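Below is one structure; the comments refer to it alone.
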Amino acid sequence: MTDQASTLRKRFSQNNQKSHRVDSARFRSLSITSGKGGVGKTNIVINLAIHLAKLGKRVFLIDADLGLANIDILLNIAPQFTIEDVLMGKKHINDIIIEGPMGIHILPASSGISEMQTLSGKQQMSMLRELANLKTQYDFILIDTGAGISSNVLRFNAAADEICVVTNPEPTAITDAYALMKIMSSKYQVHHFNLIVNQSGPAESKDVFNRLVRVLNKFLTVNLELLGSIPRDPNFIRAVKQQEPISLSYPNSPAGKAFRKLAMNVTDPSGGLMLNDKDSSFWKRLGSWKRN
Ligand SMILES: Nc1ncnc2c1ncn2[C@@H]1O[C@H](COP(=O)(O)OP(=O)(O)OP(=O)(O)O)[C@@H](O)[C@H]1O
Ligand SMILES: [Mg+2]
């Protein structure tokens, strides 16, 4: 697995040789997050990454579910080094990035290490600063957060340009999605969110979206956009068992097609994703941590 470091170094130097610079207007970092666990975040982030890569975008996928990493399992890859090695000062961030399907770059996390779930503010901050340095290399940085309202989850969300909250149509998941937006809005002054409704058809997703908007309008100053919906699809379970993303193994399945549409919405500003104030987001929110 010596490849893990050398492949990426090669890639970075190739990028530099071409003096390739990502057009900052196109750059977006998106966190895929949820209040309730198990609603489909990791599968969504992986399949979205694959479709963005198919559209020619350079994608960086961060497994920010620290201590309970899943991206490596779902992609059937076995990273030798993880974010943990970076935090312990053993590795530089560039040395642990690995290349996944469709050329997407992945920052792997570790599993079964409880300390990773309770990083200090200083550790979180230094990691996010390092990640910010990489942003010129990519068109999209996708962040798969853990579920819930732990400080790791909140701070990765706070650092992203855009936050996509995932829910399914179950009342518990919807309530937890609301709770997460409420905390992000009160603690980190985030007032715009995107919604992905998983395991749901378009009509039901619209209904879930409308229900959330009604509650948000009543109690918070928050704007919500419906970014997409992914249907319940039996091919999903097959793909997960095969450890291959559904967008590659069953591209024409209902969920496979929905992921293609989701990627189009993400890349097309008129298709759903409404950017926050891009210039201010990352650094302004990093600054706001100090007050929280
Ligand atoms: N649209 C879908 N149709 C059918 N099954 C799905 C769908 N989306 C997700 N699943 C199933 O739900 C399970 C949980 O998905 P996933 O691991 O992506 O959720 P998660 O939100 O990342 O969970 P966690 O909070 O634990 O990180 C998976 O086993 C997957 O097979
Ligand atoms: Mg997950």
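Chain labels A, B, ... are given in the sequence in which chains occur in the structure tokens; within each chain residues are numbered consecutively from 1, and ligands are likewise numbered from 1 in the order shown.
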Neighbourhood of ligand 2 at 8 Å, counting only C-alpha atoms and all ligand atoms, reported as a ChimeraX atom specification = /A:37-38,40-43,65,68-71,144-147
Any chance you could export the current selection's C-alpha atoms as a compact mmCIF listing (two decimals), in the first residue's frame?
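The resulting selection-v5.txt:
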```
# COMPACT_ATOMS: atom_id res chain seq x y z
CA GLY A 37 -28.16 7.64 11.79
CA GLY A 38 -28.51 5.10 9.02
CA GLY A 40 -28.14 6.80 3.71
CA LYS A 41 -25.46 9.52 3.94
CA THR A 42 -22.45 7.38 3.08
CA ASN A 43 -24.14 5.75 0.11
CA ASP A 65 -17.37 9.91 10.33
CA LEU A 68 -16.86 4.87 12.59
CA ALA A 69 -15.57 5.12 9.03
CA ASN A 70 -17.60 3.41 6.31
CA ILE A 71 -16.50 4.80 2.95
CA ASP A 144 -19.53 12.41 4.81
CA THR A 145 -20.22 13.32 8.43
CA GLY A 146 -21.35 11.07 11.23
CA ALA A 147 -24.96 11.29 12.38
```
Please provide as a list in words all residues within 8 Å of Pro245 of chain A, with the sequence filter that same-chain residues fewer than 4 positions apart are discarded (counting only C-alpha atoms).
-> Asn43, Ile46, Asn47, Leu74, Leu75, Ala239, Val240 and Ser249 of chain A
Residue neighbourhood segment 199-201 of chain A, 8 Å, only C-alpha atoms, exclusion window fewer than 3 positions, as a PyMOL selection string | chain A and resi 168-169+204-205+229-233
Output file for the selection above: C-alpha atoms, as a PDB file, in the first residue's frame:
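Result file is again.pdb:
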```
ATOM      1  CA  ASN A 168     -35.936   9.526   5.084  1.00  0.00           C
ATOM      2  CA  PRO A 169     -39.726   9.945   5.359  1.00  0.00           C
ATOM      3  CA  GLU A 204     -43.414  11.941  -0.806  1.00  0.00           C
ATOM      4  CA  SER A 205     -40.098  13.850  -0.812  1.00  0.00           C
ATOM      5  CA  SER A 229     -34.744  12.480  -3.666  1.00  0.00           C
ATOM      6  CA  ILE A 230     -33.543   8.902  -3.952  1.00  0.00           C
ATOM      7  CA  PRO A 231     -36.101   6.095  -4.190  1.00  0.00           C
ATOM      8  CA  ARG A 232     -36.032   2.954  -2.087  1.00  0.00           C
ATOM      9  CA  ASP A 233     -34.333   0.458  -4.350  1.00  0.00           C
TER      10      ASP A 233
END
```
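Of the residues listed (A:Glu115, A:Glu162, A:Glu84, A:Asp176), A:Asp176 shows the shortest atom-to-atom separation from ligand 1; distances use only C-alpha atoms and all ligand atoms.
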Extract the full set of alpha helix (DSSP H) residues from segment 112-259 of chain A according to DSSP on the backbone, and format it as number ranges by chain.
-> A: 121-133, 151-159, 171-188, 202-219, 234-242, 246-249, 254-259
Using only C-alpha atoms, which protein or nucleic acid residues come within 8 Å of segment 211-216 of chain A? Drop anything in the same chain fewer than 5 positions from it, and give the result as a JSON list (two decimals) with C-alpha atoms, in the first residue's frame.
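Wrote around-v7.json, looks like this:
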```json
[["chain", "number", "residue", "atom", "x", "y", "z"],
["A", 174, "ILE", "CA", -37.45, 14.28, 10.00],
["A", 178, "TYR", "CA", -34.95, 19.66, 12.09],
["A", 221, "THR", "CA", -34.91, 32.04, 10.13],
["A", 222, "VAL", "CA", -33.73, 29.29, 7.85],
["A", 223, "ASN", "CA", -34.02, 28.71, 4.12],
["A", 224, "LEU", "CA", -34.35, 25.14, 2.85]]
```
All residues 12 Å or closer to Ala64 of chain A, only C-alpha atoms, same chain fewer than 4 positions away omitted, as a PDB file with N, CA and C atoms, in the first residue's frame:
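What landed in around_34.pdb:
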```pdb
ATOM      1  N   LEU A  30     -19.333  20.439   0.058  1.00  0.00           N
ATOM      2  CA  LEU A  30     -20.670  20.044   0.516  1.00  0.00           C
ATOM      3  C   LEU A  30     -20.531  19.029   1.625  1.00  0.00           C
ATOM      4  N   SER A  31     -21.210  19.256   2.727  1.00  0.00           N
ATOM      5  CA  SER A  31     -21.262  18.202   3.738  1.00  0.00           C
ATOM      6  C   SER A  31     -22.588  17.472   3.586  1.00  0.00           C
ATOM      7  N   ILE A  32     -22.509  16.153   3.701  1.00  0.00           N
ATOM      8  CA  ILE A  32     -23.712  15.331   3.652  1.00  0.00           C
ATOM      9  C   ILE A  32     -23.903  14.827   5.071  1.00  0.00           C
ATOM     10  N   THR A  33     -24.992  15.239   5.706  1.00  0.00           N
ATOM     11  CA  THR A  33     -25.115  15.055   7.141  1.00  0.00           C
ATOM     12  C   THR A  33     -26.535  14.641   7.518  1.00  0.00           C
ATOM     13  N   LYS A  41     -26.473   8.509   4.270  1.00  0.00           N
ATOM     14  CA  LYS A  41     -25.459   9.524   3.944  1.00  0.00           C
ATOM     15  C   LYS A  41     -24.274   8.961   3.159  1.00  0.00           C
ATOM     16  N   THR A  42     -23.692   7.873   3.692  1.00  0.00           N
ATOM     17  CA  THR A  42     -22.449   7.383   3.084  1.00  0.00           C
ATOM     18  C   THR A  42     -22.698   6.897   1.665  1.00  0.00           C
ATOM     19  N   VAL A  45     -23.173  10.055  -0.528  1.00  0.00           N
ATOM     20  CA  VAL A  45     -21.956  10.823  -0.806  1.00  0.00           C
ATOM     21  C   VAL A  45     -21.086  10.085  -1.839  1.00  0.00           C
ATOM     22  N   LEU A  68     -15.888   5.846  13.112  1.00  0.00           N
ATOM     23  CA  LEU A  68     -16.856   4.865  12.593  1.00  0.00           C
ATOM     24  C   LEU A  68     -16.879   4.922  11.065  1.00  0.00           C
ATOM     25  N   ALA A  69     -15.689   4.931  10.482  1.00  0.00           N
ATOM     26  CA  ALA A  69     -15.571   5.121   9.028  1.00  0.00           C
ATOM     27  C   ALA A  69     -16.270   4.015   8.250  1.00  0.00           C
ATOM     28  N   ASN A  70     -16.876   4.382   7.146  1.00  0.00           N
ATOM     29  CA  ASN A  70     -17.601   3.405   6.310  1.00  0.00           C
ATOM     30  C   ASN A  70     -17.274   3.494   4.834  1.00  0.00           C
ATOM     31  N   ILE A  71     -16.731   4.621   4.383  1.00  0.00           N
ATOM     32  CA  ILE A  71     -16.501   4.804   2.946  1.00  0.00           C
ATOM     33  C   ILE A  71     -15.595   3.699   2.408  1.00  0.00           C
ATOM     34  N   ASP A  72     -14.535   3.365   3.169  1.00  0.00           N
ATOM     35  CA  ASP A  72     -13.615   2.319   2.706  1.00  0.00           C
ATOM     36  C   ASP A  72     -14.324   0.971   2.560  1.00  0.00           C
ATOM     37  N   THR A  82      -4.811   6.604   7.856  1.00  0.00           N
ATOM     38  CA  THR A  82      -6.076   7.337   7.936  1.00  0.00           C
ATOM     39  C   THR A  82      -5.856   8.710   8.564  1.00  0.00           C
ATOM     40  N   ILE A  83      -6.947   9.438   8.709  1.00  0.00           N
ATOM     41  CA  ILE A  83      -6.889  10.769   9.340  1.00  0.00           C
ATOM     42  C   ILE A  83      -6.236  10.672  10.720  1.00  0.00           C
ATOM     43  N   GLU A  84      -6.451   9.560  11.376  1.00  0.00           N
ATOM     44  CA  GLU A  84      -5.861   9.362  12.705  1.00  0.00           C
ATOM     45  C   GLU A  84      -4.332   9.546  12.658  1.00  0.00           C
ATOM     46  N   ILE A 106      -9.893  10.129  -1.991  1.00  0.00           N
ATOM     47  CA  ILE A 106     -10.594   9.839  -0.735  1.00  0.00           C
ATOM     48  C   ILE A 106      -9.662  10.076   0.446  1.00  0.00           C
ATOM     49  N   LEU A 107     -10.178  10.777   1.438  1.00  0.00           N
ATOM     50  CA  LEU A 107      -9.457  10.920   2.701  1.00  0.00           C
ATOM     51  C   LEU A 107     -10.090   9.936   3.677  1.00  0.00           C
ATOM     52  N   PRO A 108      -9.399   8.807   3.950  1.00  0.00           N
ATOM     53  CA  PRO A 108     -10.040   7.770   4.762  1.00  0.00           C
ATOM     54  C   PRO A 108      -9.933   8.052   6.270  1.00  0.00           C
ATOM     55  N   ALA A 109     -10.925   7.562   6.977  1.00  0.00           N
ATOM     56  CA  ALA A 109     -10.904   7.670   8.439  1.00  0.00           C
ATOM     57  C   ALA A 109     -10.788   6.267   9.025  1.00  0.00           C
ATOM     58  N   SER A 110     -10.630   6.222  10.342  1.00  0.00           N
ATOM     59  CA  SER A 110     -10.454   4.917  10.982  1.00  0.00           C
ATOM     60  C   SER A 110     -11.744   4.477  11.661  1.00  0.00           C
ATOM     61  N   SER A 111     -11.777   3.214  12.010  1.00  0.00           N
ATOM     62  CA  SER A 111     -12.974   2.672  12.642  1.00  0.00           C
ATOM     63  C   SER A 111     -12.606   2.064  13.984  1.00  0.00           C
ATOM     64  N   MET A 116     -11.317   9.327  18.367  1.00  0.00           N
ATOM     65  CA  MET A 116     -11.519  10.107  17.146  1.00  0.00           C
ATOM     66  C   MET A 116     -12.877  10.822  17.151  1.00  0.00           C
ATOM     67  N   GLN A 117     -13.785  10.325  17.977  1.00  0.00           N
ATOM     68  CA  GLN A 117     -15.110  10.943  18.001  1.00  0.00           C
ATOM     69  C   GLN A 117     -15.157  12.160  18.904  1.00  0.00           C
ATOM     70  N   LEU A 119     -12.632  14.723  19.232  1.00  0.00           N
ATOM     71  CA  LEU A 119     -11.447  15.548  18.967  1.00  0.00           C
ATOM     72  C   LEU A 119     -11.585  16.883  19.677  1.00  0.00           C
ATOM     73  N   GLN A 124      -9.637  19.665  15.579  1.00  0.00           N
ATOM     74  CA  GLN A 124     -10.584  19.859  14.477  1.00  0.00           C
ATOM     75  C   GLN A 124     -10.142  21.018  13.602  1.00  0.00           C
ATOM     76  N   MET A 127      -7.043  20.285  11.453  1.00  0.00           N
ATOM     77  CA  MET A 127      -7.360  19.411  10.332  1.00  0.00           C
ATOM     78  C   MET A 127      -8.103  20.185   9.237  1.00  0.00           C
ATOM     79  N   LEU A 128      -9.047  21.005   9.642  1.00  0.00           N
ATOM     80  CA  LEU A 128      -9.809  21.742   8.633  1.00  0.00           C
ATOM     81  C   LEU A 128      -8.959  22.787   7.922  1.00  0.00           C
ATOM     82  N   LEU A 131      -7.176  20.889   5.307  1.00  0.00           N
ATOM     83  CA  LEU A 131      -8.084  20.550   4.208  1.00  0.00           C
ATOM     84  C   LEU A 131      -8.353  21.765   3.333  1.00  0.00           C
ATOM     85  N   ILE A 141     -15.489  19.193  -2.964  1.00  0.00           N
ATOM     86  CA  ILE A 141     -15.080  18.458  -1.771  1.00  0.00           C
ATOM     87  C   ILE A 141     -16.362  17.989  -1.090  1.00  0.00           C
ATOM     88  N   LEU A 142     -16.542  16.680  -1.017  1.00  0.00           N
ATOM     89  CA  LEU A 142     -17.738  16.122  -0.396  1.00  0.00           C
ATOM     90  C   LEU A 142     -17.357  15.543   0.961  1.00  0.00           C
ATOM     91  N   ILE A 143     -18.141  15.874   1.961  1.00  0.00           N
ATOM     92  CA  ILE A 143     -17.810  15.460   3.334  1.00  0.00           C
ATOM     93  C   ILE A 143     -18.923  14.570   3.873  1.00  0.00           C
ATOM     94  N   ASP A 144     -18.563  13.342   4.203  1.00  0.00           N
ATOM     95  CA  ASP A 144     -19.528  12.413   4.806  1.00  0.00           C
ATOM     96  C   ASP A 144     -19.386  12.517   6.321  1.00  0.00           C
ATOM     97  N   THR A 145     -20.336  13.169   6.972  1.00  0.00           N
ATOM     98  CA  THR A 145     -20.221  13.324   8.430  1.00  0.00           C
ATOM     99  C   THR A 145     -20.863  12.132   9.136  1.00  0.00           C
ATOM    100  N   GLY A 146     -20.595  12.020  10.423  1.00  0.00           N
ATOM    101  CA  GLY A 146     -21.352  11.071  11.232  1.00  0.00           C
ATOM    102  C   GLY A 146     -22.766  11.602  11.407  1.00  0.00           C
ATOM    103  N   ALA A 147     -23.597  10.817  12.079  1.00  0.00           N
ATOM    104  CA  ALA A 147     -24.957  11.287  12.377  1.00  0.00           C
ATOM    105  C   ALA A 147     -24.946  12.004  13.718  1.00  0.00           C
ATOM    106  N   SER A 150     -22.877  15.776  17.514  1.00  0.00           N
ATOM    107  CA  SER A 150     -21.580  15.862  18.212  1.00  0.00           C
ATOM    108  C   SER A 150     -20.782  17.016  17.623  1.00  0.00           C
ATOM    109  N   SER A 151     -19.745  17.449  18.338  1.00  0.00           N
ATOM    110  CA  SER A 151     -19.010  18.615  17.850  1.00  0.00           C
ATOM    111  C   SER A 151     -18.276  18.298  16.548  1.00  0.00           C
ATOM    112  N   ASN A 152     -17.832  17.049  16.348  1.00  0.00           N
ATOM    113  CA  ASN A 152     -17.221  16.708  15.052  1.00  0.00           C
ATOM    114  C   ASN A 152     -18.200  16.985  13.911  1.00  0.00           C
ATOM    115  N   VAL A 153     -19.421  16.532  14.081  1.00  0.00           N
ATOM    116  CA  VAL A 153     -20.439  16.702  13.026  1.00  0.00           C
ATOM    117  C   VAL A 153     -20.713  18.182  12.797  1.00  0.00           C
ATOM    118  N   LEU A 154     -20.941  18.901  13.879  1.00  0.00           N
ATOM    119  CA  LEU A 154     -21.310  20.314  13.751  1.00  0.00           C
ATOM    120  C   LEU A 154     -20.191  21.113  13.087  1.00  0.00           C
ATOM    121  N   ARG A 155     -18.941  20.806  13.457  1.00  0.00           N
ATOM    122  CA  ARG A 155     -17.841  21.620  12.940  1.00  0.00           C
ATOM    123  C   ARG A 155     -17.485  21.310  11.495  1.00  0.00           C
ATOM    124  N   PHE A 156     -17.597  20.040  11.102  1.00  0.00           N
ATOM    125  CA  PHE A 156     -17.400  19.749   9.681  1.00  0.00           C
ATOM    126  C   PHE A 156     -18.504  20.437   8.869  1.00  0.00           C
ATOM    127  N   ASN A 157     -19.715  20.407   9.382  1.00  0.00           N
ATOM    128  CA  ASN A 157     -20.802  21.099   8.680  1.00  0.00           C
ATOM    129  C   ASN A 157     -20.524  22.598   8.602  1.00  0.00           C
ATOM    130  N   ALA A 159     -17.795  24.099   8.499  1.00  0.00           N
ATOM    131  CA  ALA A 159     -16.694  24.446   7.598  1.00  0.00           C
ATOM    132  C   ALA A 159     -17.084  24.321   6.129  1.00  0.00           C
ATOM    133  N   ALA A 160     -18.160  23.584   5.839  1.00  0.00           N
ATOM    134  CA  ALA A 160     -18.540  23.374   4.439  1.00  0.00           C
ATOM    135  C   ALA A 160     -19.261  24.594   3.870  1.00  0.00           C
TER     136      ALA A 160
END
```
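One finds atom CA of His105 of chain A at 13.9 Å from atom CA of Ser29 of chain A.
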Which residue, A:Ala258, A:Ile77, A:Ile44, A:Leu66, has the smallest gap to ligand 1 when you use only C-alpha atoms and all ligand atoms?
-> A:Ile44
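Distances here use only C-alpha atoms; by that measure, the residue among A:Cys164, A:Val39, A:Met181, A:Ala53 closest to Ala263 of chain A is A:Ala53.
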To one decimal in Å, tell me the separation between atom CA of Leu180 of chain A and atom CA of Ile50 of chain A.
-> 26.7 Å
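Distances here use only C-alpha atoms and all ligand atoms; by that measure, the residue among A:Val266, A:Ile149, A:Met88, A:Leu220 closest to ligand 1 is A:Ile149.
Distance-wise, atom CA of Gly35 of chain A and atom CA of Leu61 of chain A end up 20.3 Å apart.
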Test item: residues at most 9 Å from Val86 of chain A, only C-alpha atoms, excluding those fewer than 5 positions along its chain, as JSON, numbers by chain = {"A": [81, 91, 92, 93, 95, 96, 127]}
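Among the candidates A:Ile97, A:Ile73, A:Met102, A:Leu87, the residue lying nearest to ligand 1 is A:Ile73 (atoms considered: only C-alpha atoms and all ligand atoms).
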Residues of segment 163-287 of chain A in strand (DSSP E), written as a ChimeraX atom specification = /A:163-167,192-198,223-230
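The closest residue to ligand 1, picked from A:Lys257, A:Lys57, A:Lys182, A:Lys36 and counting only C-alpha atoms and all ligand atoms, is A:Lys36.
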